[in-house]
$ cat model_22.txt   # compact mmCIF, C-alpha atoms
# COMPACT_ATOMS: atom_id res chain seq x y z
CA MET A 1 -5.21 0.33 20.44
CA SER A 2 -1.75 1.56 19.54
CA ARG A 3 1.07 1.64 22.13
CA SER A 4 4.49 3.24 22.46
CA PRO A 5 7.38 1.00 21.35
CA THR A 6 9.68 -0.40 24.00
CA ARG A 7 13.44 0.25 24.05
CA ALA A 8 14.10 -3.25 22.76
CA GLU A 9 11.72 -2.68 19.85
CA VAL A 10 13.40 0.67 19.07
CA ARG A 11 16.85 -0.94 19.10
CA ALA A 12 15.62 -3.75 16.87
CA ALA A 13 14.13 -1.25 14.42
CA VAL A 14 17.38 0.75 14.28
CA SER A 15 19.34 -2.46 13.74
CA ARG A 16 17.04 -3.47 10.89
CA ARG A 17 17.66 -0.12 9.19
CA LEU A 18 21.44 0.05 9.70
CA LEU A 19 22.48 -3.55 9.04
CA PRO A 20 21.53 -3.63 5.30
CA PHE A 21 23.15 -0.20 4.84
CA ALA A 22 26.41 -1.37 6.44
CA LEU A 23 26.49 -4.57 4.39
CA VAL A 24 25.95 -2.68 1.11
CA LEU A 25 28.74 -0.22 1.93
CA ALA A 26 31.05 -3.08 2.90
CA TYR A 27 30.29 -4.83 -0.40
CA LEU A 28 31.02 -1.65 -2.38
CA VAL A 29 34.34 -1.03 -0.66
CA ALA A 30 35.36 -4.67 -1.06
CA VAL A 31 34.66 -4.61 -4.83
CA VAL A 32 36.74 -1.46 -5.33
CA VAL A 33 39.65 -2.72 -3.22
CA ILE A 34 39.73 -6.09 -4.99
CA ASP A 35 39.52 -4.42 -8.40
CA LEU A 36 42.49 -2.18 -7.59
CA ARG A 37 44.58 -5.21 -6.59
CA THR A 38 43.78 -7.30 -9.69
CA PRO A 39 45.02 -6.96 -13.28
CA ALA A 40 43.32 -4.32 -15.45
CA TYR A 41 41.79 -6.87 -17.81
CA LEU A 42 39.71 -8.22 -14.89
CA ARG A 43 36.95 -5.58 -14.84
CA LEU A 44 35.54 -6.35 -11.39
CA ASP A 45 34.47 -2.74 -10.88
CA VAL A 46 31.33 -3.40 -12.94
CA TYR A 47 29.98 -5.37 -9.96
CA ALA A 48 30.06 -2.16 -7.92
CA ALA A 49 26.91 -1.10 -9.78
CA LEU A 50 25.01 -3.74 -7.78
CA ALA A 51 25.52 -1.71 -4.60
CA PRO A 52 23.08 1.17 -5.33
CA VAL A 53 20.62 -1.26 -6.94
CA THR A 54 20.65 -3.43 -3.82
CA ALA A 55 20.41 -0.36 -1.58
CA ALA A 56 17.27 0.73 -3.44
CA ALA A 57 15.65 -2.58 -2.49
CA VAL A 58 16.72 -2.95 1.15
CA CYS A 59 17.78 0.50 2.43
CA THR A 60 16.06 3.79 3.11
CA TYR A 61 15.91 6.58 0.54
CA ARG A 62 18.68 8.63 2.20
CA GLN A 63 20.89 5.57 2.57
CA THR A 64 20.40 4.75 -1.11
CA VAL A 65 21.35 8.29 -2.12
CA PHE A 66 24.48 8.06 0.03
CA VAL A 67 25.48 4.69 -1.44
CA GLY A 68 24.82 6.00 -4.94
CA LEU A 69 27.02 9.06 -4.41
CA VAL A 70 29.82 6.99 -2.90
CA ASP A 71 29.62 4.56 -5.81
CA PHE A 72 29.61 7.40 -8.35
CA PHE A 73 32.66 9.21 -6.90
CA LEU A 74 34.59 5.97 -6.52
CA MET A 75 33.95 5.05 -10.16
CA VAL A 76 34.85 8.55 -11.38
CA ALA A 77 38.09 8.46 -9.43
CA HIS A 78 38.80 4.92 -10.52
CA HIS A 79 38.23 5.51 -14.23
CA GLY A 80 39.30 9.11 -14.52
CA VAL A 81 42.22 9.57 -12.12
CA LEU A 82 43.62 6.36 -10.69
CA THR A 83 43.97 4.49 -13.97
CA ALA A 84 45.11 5.44 -17.41
CA GLU A 85 45.12 2.09 -19.15
CA SER A 86 41.66 2.39 -20.66
CA SER A 87 40.78 4.72 -23.51
CA PRO A 88 38.85 7.98 -22.92
CA VAL A 89 35.80 6.49 -24.63
CA ASN A 90 35.75 3.56 -22.21
CA ARG A 91 36.20 5.89 -19.25
CA VAL A 92 33.35 8.16 -20.32
CA GLY A 93 31.14 5.17 -21.07
CA SER A 94 31.82 3.65 -17.67
CA VAL A 95 31.06 6.91 -15.87
CA LEU A 96 27.86 7.55 -17.84
CA GLY A 97 26.72 3.97 -17.28
CA ASN A 98 27.34 4.39 -13.58
CA ILE A 99 25.31 7.63 -13.58
CA LEU A 100 22.36 5.87 -15.18
CA ILE A 101 22.47 2.99 -12.70
CA VAL A 102 22.77 5.30 -9.70
CA GLY A 103 19.98 7.51 -10.98
CA ALA A 104 17.69 4.53 -11.54
CA ALA A 105 18.46 3.20 -8.06
CA ILE A 106 17.65 6.56 -6.45
CA ALA A 107 14.40 6.78 -8.44
CA VAL A 108 13.36 3.30 -7.26
CA ALA A 109 14.25 4.20 -3.68
CA ARG A 110 12.13 7.34 -3.93
CA LEU A 111 9.18 5.34 -5.23
CA ARG A 112 9.60 2.95 -2.28
CA ARG A 113 9.72 5.88 0.14
CA ASP A 114 6.57 7.43 -1.33
CA GLY A 115 4.84 4.04 -1.23
CA ASP A 116 5.80 3.55 2.42
CA ALA A 117 4.56 7.04 3.26
CA LEU A 118 1.26 6.31 1.52
CA LEU A 119 0.94 3.05 3.45
CA GLU A 120 1.55 4.87 6.73
CA ARG A 121 -1.18 7.39 5.88
CA VAL A 122 -3.54 4.55 5.01
CA ARG A 123 -2.69 2.78 8.26
CA ALA A 124 -3.27 5.99 10.24
CA THR A 125 -6.63 6.43 8.52
CA GLY A 126 -7.47 2.79 9.22
CA GLU A 127 -6.56 3.21 12.87
CA ALA A 128 -8.79 6.28 13.12
CA ALA A 129 -11.63 4.32 11.50
CA GLN A 130 -10.99 1.43 13.88
CA ARG A 131 -11.17 3.71 16.91
CA ALA A 132 -14.47 5.08 15.66
CA LEU A 133 -15.87 1.63 14.87
CA LEU A 134 -14.32 -0.48 17.63
CA ARG A 135 -13.38 1.15 20.91
CA PRO A 136 -10.13 0.12 22.61
CA LEU A 137 -10.38 -2.64 25.20
CA PRO A 138 -10.85 -3.06 28.13
CA LEU A 139 -14.29 -1.45 28.50
CA ARG A 140 -15.99 -0.98 31.87
CA THR A 141 -19.54 -0.49 33.08
CA HIS A 142 -20.98 -0.29 36.59
CA SER A 143 -21.40 -4.07 36.76
CA VAL A 144 -18.79 -5.73 34.50
CA VAL A 145 -15.36 -5.33 32.93
CA VAL A 146 -14.89 -6.54 29.34
CA ASP A 147 -11.35 -7.16 28.13
CA GLY A 148 -10.12 -8.88 24.98
CA PHE A 149 -8.27 -8.44 21.72
CA TYR A 150 -8.89 -8.11 18.00
CA VAL A 151 -6.67 -9.31 15.14
CA SER A 152 -7.42 -8.82 11.46
CA SER A 153 -6.42 -11.67 9.15
CA GLN A 154 -5.60 -9.26 6.32
CA ARG A 155 -2.03 -8.11 6.16
CA ASP A 156 -1.58 -4.41 6.97
CA ALA A 157 -5.29 -4.12 7.86
CA LEU A 158 -6.23 -2.89 11.32
CA VAL A 159 -9.91 -3.68 11.07
CA GLY A 160 -11.85 -6.41 9.36
CA GLY A 161 -15.12 -8.29 9.60
CA ASP A 162 -15.40 -8.89 13.36
CA ILE A 163 -17.22 -6.42 15.60
CA TYR A 164 -17.78 -5.90 19.31
CA GLU A 165 -19.27 -3.29 21.63
CA VAL A 166 -20.07 -2.73 25.30
CA VAL A 167 -22.79 -0.29 26.36
CA ASP A 168 -23.79 0.76 29.89
CA THR A 169 -27.57 1.42 29.87
CA PRO A 170 -30.29 2.11 32.46
CA TYR A 171 -31.34 -1.52 32.05
CA GLY A 172 -27.90 -3.04 32.61
CA THR A 173 -24.80 -3.72 30.54
CA ARG A 174 -25.19 -4.76 26.91
CA VAL A 175 -22.36 -6.64 25.17
CA LEU A 176 -22.13 -7.53 21.49
CA ILE A 177 -19.67 -9.68 19.60
CA GLY A 178 -20.26 -10.45 15.94
CA ASP A 179 -18.73 -11.65 12.71
CA VAL A 180 -19.68 -10.34 9.27
CA ARG A 181 -19.51 -12.98 6.57
CA GLY A 182 -16.23 -12.44 4.75
CA LYS A 183 -13.17 -10.54 5.91
CA GLY A 184 -11.26 -7.34 5.32
CA LEU A 185 -12.42 -3.82 4.55
CA GLY A 186 -15.34 -4.94 2.37
CA THR A 187 -17.24 -5.95 5.51
CA LEU A 188 -17.03 -2.56 7.24
CA GLY A 189 -20.41 -1.35 5.98
CA ALA A 190 -22.42 -4.25 7.37
CA GLY A 191 -20.47 -4.19 10.62
CA ALA A 192 -21.03 -0.47 11.07
CA ALA A 193 -24.77 -0.87 10.37
CA VAL A 194 -25.12 -3.57 13.04
CA LEU A 195 -23.02 -1.64 15.56
CA THR A 196 -25.01 1.57 15.05
CA ALA A 197 -28.31 -0.25 15.52
CA PHE A 198 -27.01 -2.05 18.61
CA ARG A 199 -25.78 1.15 20.27
CA GLU A 200 -29.07 2.94 19.64
CA ALA A 201 -31.28 0.03 20.69
CA ALA A 202 -29.31 -0.64 23.86
CA TYR A 203 -30.38 2.70 25.33
CA HIS A 204 -34.02 2.63 24.23
CA ARG A 205 -35.06 -1.04 24.36
CA ARG A 206 -35.18 -2.85 27.66
CA ASP A 207 -35.16 -6.46 26.46
CA LEU A 208 -32.49 -8.06 24.28
CA ASP A 209 -34.97 -9.55 21.81
CA SER A 210 -36.19 -6.15 20.61
CA GLY A 211 -32.58 -4.97 20.43
CA VAL A 212 -31.70 -7.91 18.19
CA ALA A 213 -34.72 -7.06 16.02
CA ALA A 214 -33.41 -3.50 15.68
CA MET A 215 -30.01 -4.85 14.62
CA GLU A 216 -31.70 -7.01 12.00
CA GLN A 217 -33.59 -3.98 10.69
CA GLY A 218 -30.40 -1.90 10.58
CA LEU A 219 -28.64 -4.56 8.51
CA THR A 220 -31.64 -4.82 6.18
CA ARG A 221 -31.64 -1.04 5.61
CA TYR A 222 -27.94 -1.20 4.78
CA HIS A 223 -28.54 -4.01 2.26
CA ARG A 224 -31.23 -1.92 0.59
CA SER A 225 -29.05 1.20 0.35
CA ALA A 226 -27.95 2.43 -3.07
CA GLU A 227 -24.31 2.30 -1.97
CA TYR A 228 -24.51 -1.39 -1.09
CA GLN A 229 -26.49 -2.30 -4.19
CA ALA A 230 -23.94 -0.56 -6.41
CA ARG A 231 -21.01 -2.24 -4.67
CA THR A 232 -22.51 -5.71 -4.89
CA ALA A 233 -24.06 -5.49 -8.35
CA ASP A 234 -21.84 -8.32 -9.60
CA ALA A 235 -21.47 -10.12 -6.25
CA HIS A 236 -23.62 -12.39 -4.14
CA ALA A 237 -25.28 -9.66 -2.12
CA ALA A 238 -27.97 -11.91 -0.69
CA GLU A 239 -25.34 -14.11 0.99
CA GLU A 240 -24.01 -11.44 3.36
CA PHE A 241 -25.06 -11.97 6.96
CA VAL A 242 -23.73 -11.36 10.45
CA THR A 243 -23.42 -13.93 13.22
CA ALA A 244 -23.76 -12.29 16.62
CA LEU A 245 -23.94 -13.03 20.32
CA VAL A 246 -25.73 -10.43 22.42
CA MET A 247 -25.26 -10.49 26.19
CA GLY A 248 -27.10 -8.40 28.75
CA THR A 249 -26.78 -8.10 32.51
CA GLU A 250 -30.05 -7.69 34.35
CA GLU A 251 -30.20 -4.68 36.62
CA ASP A 252 -29.06 -5.61 40.13
CA PRO A 253 -29.29 -2.82 42.76
CA ALA A 254 -27.02 -4.79 45.10
CA ALA A 255 -24.31 -4.94 42.46
CA ARG A 256 -24.61 -1.20 41.89
CA ASP A 257 -24.04 -0.65 45.59
CA GLY A 258 -20.78 -2.57 45.36
CA SER A 259 -21.72 -5.76 47.21
CA PRO A 260 -20.11 -9.00 46.02
CA GLY A 261 -23.34 -10.32 44.54
CA GLU A 262 -23.84 -12.44 41.49
CA VAL A 263 -24.51 -10.94 38.06
CA PRO A 264 -27.44 -12.40 36.07
CA VAL A 265 -26.54 -12.56 32.36
CA VAL A 266 -28.90 -13.22 29.44
CA PHE A 267 -27.63 -14.44 26.05
CA VAL A 268 -29.29 -14.22 22.64
CA ASP A 269 -27.52 -16.36 20.06
CA CYS A 270 -27.70 -15.32 16.40
CA GLY A 271 -25.80 -18.20 14.80
CA HIS A 272 -22.61 -17.38 16.71
CA PRO A 273 -20.10 -19.73 18.38
CA SER A 274 -21.13 -20.52 21.95
CA PRO A 275 -19.40 -18.68 24.81
CA PHE A 276 -17.55 -20.42 27.65
CA LEU A 277 -18.13 -20.04 31.38
CA ILE A 278 -14.77 -20.11 33.19
CA GLY A 279 -15.28 -21.01 36.84
CA ALA A 280 -13.21 -19.90 39.77
CA ASP A 281 -12.36 -23.55 40.48
CA GLY A 282 -10.83 -23.96 37.03
CA GLY A 283 -13.81 -25.66 35.43
CA VAL A 284 -14.77 -24.58 31.91
CA ARG A 285 -18.27 -25.10 30.54
CA GLU A 286 -19.55 -24.28 27.06
CA LEU A 287 -22.83 -22.33 27.21
CA ARG A 288 -24.37 -23.96 24.17
CA ALA A 289 -27.88 -22.76 23.28
CA ALA A 290 -30.54 -25.42 22.88
CA GLU A 291 -31.71 -23.83 19.64
CA PRO A 292 -29.10 -21.55 18.03
CA GLY A 293 -30.79 -18.71 16.20
CA LEU A 294 -30.23 -17.65 12.62
CA PRO A 295 -27.61 -15.01 11.85
CA LEU A 296 -28.63 -11.39 11.41
CA GLY A 297 -29.85 -10.86 7.86
CA LEU A 298 -31.50 -14.27 7.73
CA GLY A 299 -34.02 -13.91 10.55
CA GLU A 300 -36.95 -13.27 8.26
CA LEU A 301 -36.59 -16.76 6.79
CA VAL A 302 -38.39 -18.26 9.81
CA ASP A 303 -41.02 -17.03 12.25
CA VAL A 304 -39.43 -18.70 15.28
CA PRO A 305 -37.83 -16.14 17.64
CA ARG A 306 -34.23 -16.59 18.65
CA SER A 307 -33.79 -18.43 21.94
CA ARG A 308 -32.64 -16.73 25.15
CA GLN A 309 -30.33 -18.31 27.68
CA ARG A 310 -29.89 -17.08 31.23
CA VAL A 311 -26.94 -17.82 33.52
CA THR A 312 -25.74 -16.33 36.78
CA LEU A 313 -22.19 -15.05 36.83
CA PRO A 314 -20.64 -15.61 40.28
CA PRO A 315 -18.13 -13.03 41.53
CA ASP A 316 -15.05 -15.04 40.50
CA CYS A 317 -16.39 -16.46 37.23
CA ARG A 318 -15.86 -15.15 33.72
CA VAL A 319 -17.50 -15.56 30.34
CA LEU A 320 -15.31 -15.81 27.25
CA ALA A 321 -16.88 -15.16 23.85
CA CYS A 322 -15.06 -15.27 20.54
CA THR A 323 -15.60 -15.38 16.80
CA ASP A 324 -15.04 -18.44 14.63
CA GLY A 325 -11.61 -17.11 13.72
CA VAL A 326 -10.56 -18.77 16.99
CA THR A 327 -12.64 -21.95 17.02
CA GLU A 328 -12.00 -22.70 13.33
CA ALA A 329 -8.32 -21.75 13.25
CA ARG A 330 -6.32 -24.63 11.76
CA ASN A 331 -2.73 -25.72 12.05
CA ARG A 332 -0.63 -27.12 9.22
CA ASP A 333 -2.19 -30.55 9.65
CA GLY A 334 -5.72 -29.13 9.42
CA GLY A 335 -6.48 -29.54 13.13
CA PHE A 336 -8.83 -27.04 14.76
CA TYR A 337 -7.66 -24.90 17.66
CA PRO A 338 -8.51 -26.68 20.97
CA LEU A 339 -10.02 -23.67 22.71
CA ALA A 340 -11.86 -25.52 25.50
CA GLU A 341 -8.73 -27.50 26.35
CA ARG A 342 -6.60 -24.36 26.50
CA LEU A 343 -9.12 -22.48 28.63
CA ASP A 344 -9.28 -25.36 31.09
CA ALA A 345 -5.50 -25.20 31.49
CA TRP A 346 -5.45 -21.41 31.88
CA ALA A 347 -8.63 -20.96 33.94
CA ALA A 348 -6.72 -19.84 37.06
CA LEU A 349 -4.81 -17.11 35.22
CA PRO A 350 -5.82 -13.43 35.54
CA THR A 351 -7.72 -12.15 32.53
CA PRO A 352 -4.86 -10.08 30.98
CA GLU A 353 -2.46 -13.03 31.20
CA LEU A 354 -5.09 -15.46 29.90
CA LEU A 355 -5.68 -13.23 26.87
CA GLU A 356 -1.94 -12.86 26.25
CA ARG A 357 -1.49 -16.64 26.39
CA LEU A 358 -4.44 -17.20 24.08
CA ARG A 359 -3.25 -14.70 21.49
CA ALA A 360 0.30 -16.08 21.44
CA ASP A 361 -0.86 -19.70 21.38
CA LEU A 362 -3.30 -19.01 18.57
CA ALA A 363 -0.52 -17.45 16.51
CA ALA A 364 1.70 -20.46 17.20
CA HIS A 365 -1.09 -22.88 16.27
CA THR A 366 -1.68 -21.22 12.90
CA GLY A 367 1.96 -20.42 12.22
CA GLY A 368 1.06 -16.73 12.15
CA ARG A 369 -1.29 -17.25 9.19
CA LEU A 370 -4.83 -16.56 10.35
CA GLN A 371 -7.52 -17.74 7.98
CA ASP A 372 -10.14 -15.37 9.43
CA ASP A 373 -10.41 -12.30 11.64
CA VAL A 374 -10.24 -12.95 15.38
CA ALA A 375 -12.12 -11.22 18.19
CA VAL A 376 -12.11 -12.38 21.81
CA LEU A 377 -14.01 -10.86 24.75
CA VAL A 378 -13.82 -11.84 28.42
CA VAL A 379 -16.66 -10.59 30.61
CA GLU A 380 -16.22 -10.57 34.39
CA ARG A 381 -17.82 -8.81 37.31
CA ALA A 382 -16.38 -5.37 38.03
CA PRO A 383 -14.33 -5.09 41.21
CA ALA A 384 -16.18 -3.69 44.22
CA SER A 385 -14.07 -0.51 44.01
CA GLU A 386 -15.40 0.15 40.49
CA ALA A 387 -18.94 -1.15 40.83
CA GLY A 388 -20.36 2.07 42.14
CA ARG A 389 -18.82 4.33 39.51

$ encode --input "model_22.txt" --output "structure tokens"
Amino acid sequence: MSRSPTRAEVRAAVSRRLLPFALVLAYLVAVVVIDLRTPAYLRLDVYAALAPVTAAAVCTYRQTVFVGLVDFFLMVAHHGVLTAESSPVNRVGSVLGNILIVGAAIAVARLRRDGDALLERVRATGEAAQRALLRPLPLRTHSVVVDGFYVSSQRDALVGGDIYEVVDTPYGTRVLIGDVRGKGLGTLGAGAAVLTAFREAAYHRRDLDSGVAAMEQGLTRYHRSAEYQARTADAHAAEEFVTALVMGTEEDPAARDGSPGEVPVVFVDCGHPSPFLIGADGGVRELRAAEPGLPLGLGELVDVPRSRQRVTLPPDCRVLACTDGVTEARNRDGGFYPLAERLDAWAALPTPELLERLRADLAAHTGGRLQDDVAVLVVERAPASEAGR
């Protein structure tokens, strides 16, 4: 899910590193020059000590060391060579004070550098965990292509409470999108349990209903584990559940041969937001289930099975599924994100451009402050050139 930075991004990053450094050096030189041109009783050189302190906050470690050394040598020359008005005690005191300030600034800069290095290691570990938990999009099977994006609402977190998966099985393609109650890294366990059960059941269970039952059992086993019980001893463990939408294409020999046939798709709703059917003519229709099922983890509360919905996906139609991080995203005035309206306006766009528009518009709607994790999947029929692979 990571990508190489563009030249513009590299130039912007270099500018962000060099501009604070240049400003701090300019400030330091200006203080020394002004102090040399003013009467001795105006001790403006004491303001030079702000240079290394500021560098420790806004510059890199090496830049801070350089600023500190420049500040130190300028103060030594200023108090020990260039002037003789002050007493030796004042000169020594000024130099020692400058040493302490420079040393403290360098120590702070080193702590910042070590903290940044630790954050990078954590981010690398998080990215590795994300790649193991959520595979990079787009994902392809013999009958469909699934593209989309994922955004965690937690700052500096690459993975959160939303999950998705696409599996190519002997019975057709199986697609999952889900949302663990809560957000952030604390939801990884439940998400991993549901994903593991889904991947295993997709290969060994023909119908979606039994696959959903296996996912429910996997989540129940996780809730009963000693690890989960210990982690949630003082929390509301019984309230954790997972909303999910499971989609499955029915096996179509014509589609496997690469003909432009329709793709039958079956949905099982487990308390998840309804998907949208985006037609080739620009029409958008919400595929709302007559009886939405209970989320995973709550299925044993009733004996009624979750309802199934079947639609036929024409060659030029797409299905968009998302988590409630999209549908419940609010702007500053508290207004929800108008997803259906946006999709209707963008229905003619190719999938990559539609997703790019949606991601940018969602960020603009929320002012860049997502209240929940966001996952979006777009399912469309695979091109004829890929259908036989």

$ closest_residue --input "model_22.txt" --among "A:Val122, A:Leu19, A:Val151, A:Ala48" --to "Val31 of chain A" --atoms "only C-alpha atoms"
A:Ala48

$ closest_residue --input "model_22.txt" --among "A:Gly68, A:Pro52, A:Pro350, A:Pro138" --to "Leu377 of chain A" --atoms "all atoms listed in the file"
A:Pro138

$ residues_around --input "model_22.txt" --residues "Val58 of chain A" --least-positions-apart "3" --cutoff "12 Å" --atoms "all atoms listed in the file" --output "PyMOL selection string"
chain A and resi 16-24+51-55+61-64+67+105+108-109+112-113

$ closest_residue --input "model_22.txt" --among "A:Gly161, A:Gly172, A:Pro305, A:Gly299" --to "Met215 of chain A" --atoms "all atoms listed in the file"
A:Gly299

$ closest_residue --input "model_22.txt" --among "A:Asp316, A:Asp71, A:Asp162, A:Glu291" --to "Val263 of chain A" --atoms "only C-alpha atoms"
A:Asp316

$ closest_residue --input "model_22.txt" --among "A:Ala280, A:Gly148, A:Leu354, A:Val46" --to "Gly97 of chain A" --atoms "only C-alpha atoms"
A:Val46

$ closest_residue --input "model_22.txt" --among "A:Arg285, A:Arg174, A:Arg11, A:His272" --to "Glu250 of chain A" --atoms "all atoms listed in the file"
A:Arg174

$ residues_around --input "model_22.txt" --residues "Leu355 of chain A" --least-positions-apart "5" --cutoff "12 Å" --atoms "all atoms listed in the file" --output "mmCIF file with C-alpha atoms, in the frame of the given file"
data_model
loop_
_atom_site.group_PDB
_atom_site.id
_atom_site.type_symbol
_atom_site.label_atom_id
_atom_site.label_comp_id
_atom_site.auth_asym_id
_atom_site.auth_seq_id
_atom_site.Cartn_x
_atom_site.Cartn_y
_atom_site.Cartn_z
ATOM 1 C CA LEU A 137 -10.380 -2.640 25.200
ATOM 2 C CA PRO A 138 -10.850 -3.060 28.130
ATOM 3 C CA VAL A 146 -14.890 -6.540 29.340
ATOM 4 C CA ASP A 147 -11.350 -7.160 28.130
ATOM 5 C CA GLY A 148 -10.120 -8.880 24.980
ATOM 6 C CA PHE A 149 -8.270 -8.440 21.720
ATOM 7 C CA TYR A 150 -8.890 -8.110 18.000
ATOM 8 C CA LEU A 320 -15.310 -15.810 27.250
ATOM 9 C CA ALA A 321 -16.880 -15.160 23.850
ATOM 10 C CA CYS A 322 -15.060 -15.270 20.540
ATOM 11 C CA ARG A 342 -6.600 -24.360 26.500
ATOM 12 C CA LEU A 343 -9.120 -22.480 28.630
ATOM 13 C CA TRP A 346 -5.450 -21.410 31.880
ATOM 14 C CA ALA A 347 -8.630 -20.960 33.940
ATOM 15 C CA LEU A 349 -4.810 -17.110 35.220
ATOM 16 C CA PRO A 350 -5.820 -13.430 35.540
ATOM 17 C CA ALA A 360 0.300 -16.080 21.440
ATOM 18 C CA ASP A 361 -0.860 -19.700 21.380
ATOM 19 C CA LEU A 362 -3.300 -19.010 18.570
ATOM 20 C CA ALA A 375 -12.120 -11.220 18.190
ATOM 21 C CA VAL A 376 -12.110 -12.380 21.810
ATOM 22 C CA LEU A 377 -14.010 -10.860 24.750
ATOM 23 C CA VAL A 378 -13.820 -11.840 28.420
ATOM 24 C CA VAL A 379 -16.660 -10.590 30.610
#

$ atom_distance --input "model_22.txt" --atom1 "atom CA of Ile177 of chain A" --atom2 "atom CA of Ile163 of chain A"
5.7 Å

$ atom_distance --input "model_22.txt" --atom1 "atom CA of Leu358 of chain A" --atom2 "atom CA of Glu240 of chain A"
29.1 Å

$ decode --input "model_22.txt" --residues "segment 331-342 of chain A" --atoms "N, CA, C and O atoms" --output "mmCIF file, in the first residue's frame"
data_model
loop_
_atom_site.group_PDB
_atom_site.id
_atom_site.type_symbol
_atom_site.label_atom_id
_atom_site.label_comp_id
_atom_site.auth_asym_id
_atom_site.auth_seq_id
_atom_site.Cartn_x
_atom_site.Cartn_y
_atom_site.Cartn_z
ATOM 1 N N ASN A 331 -19.599 16.875 8.625
ATOM 2 C CA ASN A 331 -18.862 18.123 8.425
ATOM 3 C C ASN A 331 -18.952 18.975 9.684
ATOM 4 O O ASN A 331 -19.465 18.526 10.715
ATOM 5 N N ARG A 332 -18.472 20.197 9.610
ATOM 6 C CA ARG A 332 -18.446 21.052 10.802
ATOM 7 C C ARG A 332 -19.840 21.383 11.309
ATOM 8 O O ARG A 332 -20.037 21.642 12.493
ATOM 9 N N ASP A 333 -20.811 21.372 10.404
ATOM 10 C CA ASP A 333 -22.189 21.672 10.797
ATOM 11 C C ASP A 333 -22.945 20.440 11.255
ATOM 12 O O ASP A 333 -24.137 20.532 11.577
ATOM 13 N N GLY A 334 -22.283 19.281 11.283
ATOM 14 C CA GLY A 334 -22.944 18.052 11.709
ATOM 15 C C GLY A 334 -23.667 17.312 10.609
ATOM 16 O O GLY A 334 -24.355 16.316 10.878
ATOM 17 N N GLY A 335 -23.538 17.759 9.368
ATOM 18 C CA GLY A 335 -24.219 17.101 8.255
ATOM 19 C C GLY A 335 -23.495 15.840 7.816
ATOM 20 O O GLY A 335 -22.261 15.799 7.751
ATOM 21 N N PHE A 336 -24.271 14.787 7.527
ATOM 22 C CA PHE A 336 -23.688 13.530 7.073
ATOM 23 C C PHE A 336 -23.189 13.651 5.635
ATOM 24 O O PHE A 336 -23.668 14.479 4.852
ATOM 25 N N TYR A 337 -22.248 12.790 5.284
ATOM 26 C CA TYR A 337 -21.693 12.808 3.938
ATOM 27 C C TYR A 337 -22.739 12.291 2.949
ATOM 28 O O TYR A 337 -23.263 11.184 3.109
ATOM 29 N N PRO A 338 -23.047 13.039 1.884
ATOM 30 C CA PRO A 338 -24.085 12.629 0.917
ATOM 31 C C PRO A 338 -23.538 11.636 -0.104
ATOM 32 O O PRO A 338 -23.335 11.969 -1.281
ATOM 33 N N LEU A 339 -23.344 10.403 0.303
ATOM 34 C CA LEU A 339 -22.695 9.426 -0.555
ATOM 35 C C LEU A 339 -23.494 9.146 -1.821
ATOM 36 O O LEU A 339 -22.943 9.132 -2.922
ATOM 37 N N ALA A 340 -24.802 8.886 -1.682
ATOM 38 C CA ALA A 340 -25.619 8.565 -2.854
ATOM 39 C C ALA A 340 -25.597 9.701 -3.875
ATOM 40 O O ALA A 340 -25.511 9.476 -5.090
ATOM 41 N N GLU A 341 -25.661 10.919 -3.383
ATOM 42 C CA GLU A 341 -25.636 12.085 -4.277
ATOM 43 C C GLU A 341 -24.310 12.176 -5.020
ATOM 44 O O GLU A 341 -24.266 12.460 -6.227
ATOM 45 N N ARG A 342 -23.211 11.936 -4.311
ATOM 46 C CA ARG A 342 -21.895 11.999 -4.948
ATOM 47 C C ARG A 342 -21.743 10.886 -5.983
ATOM 48 O O ARG A 342 -21.222 11.097 -7.082
#
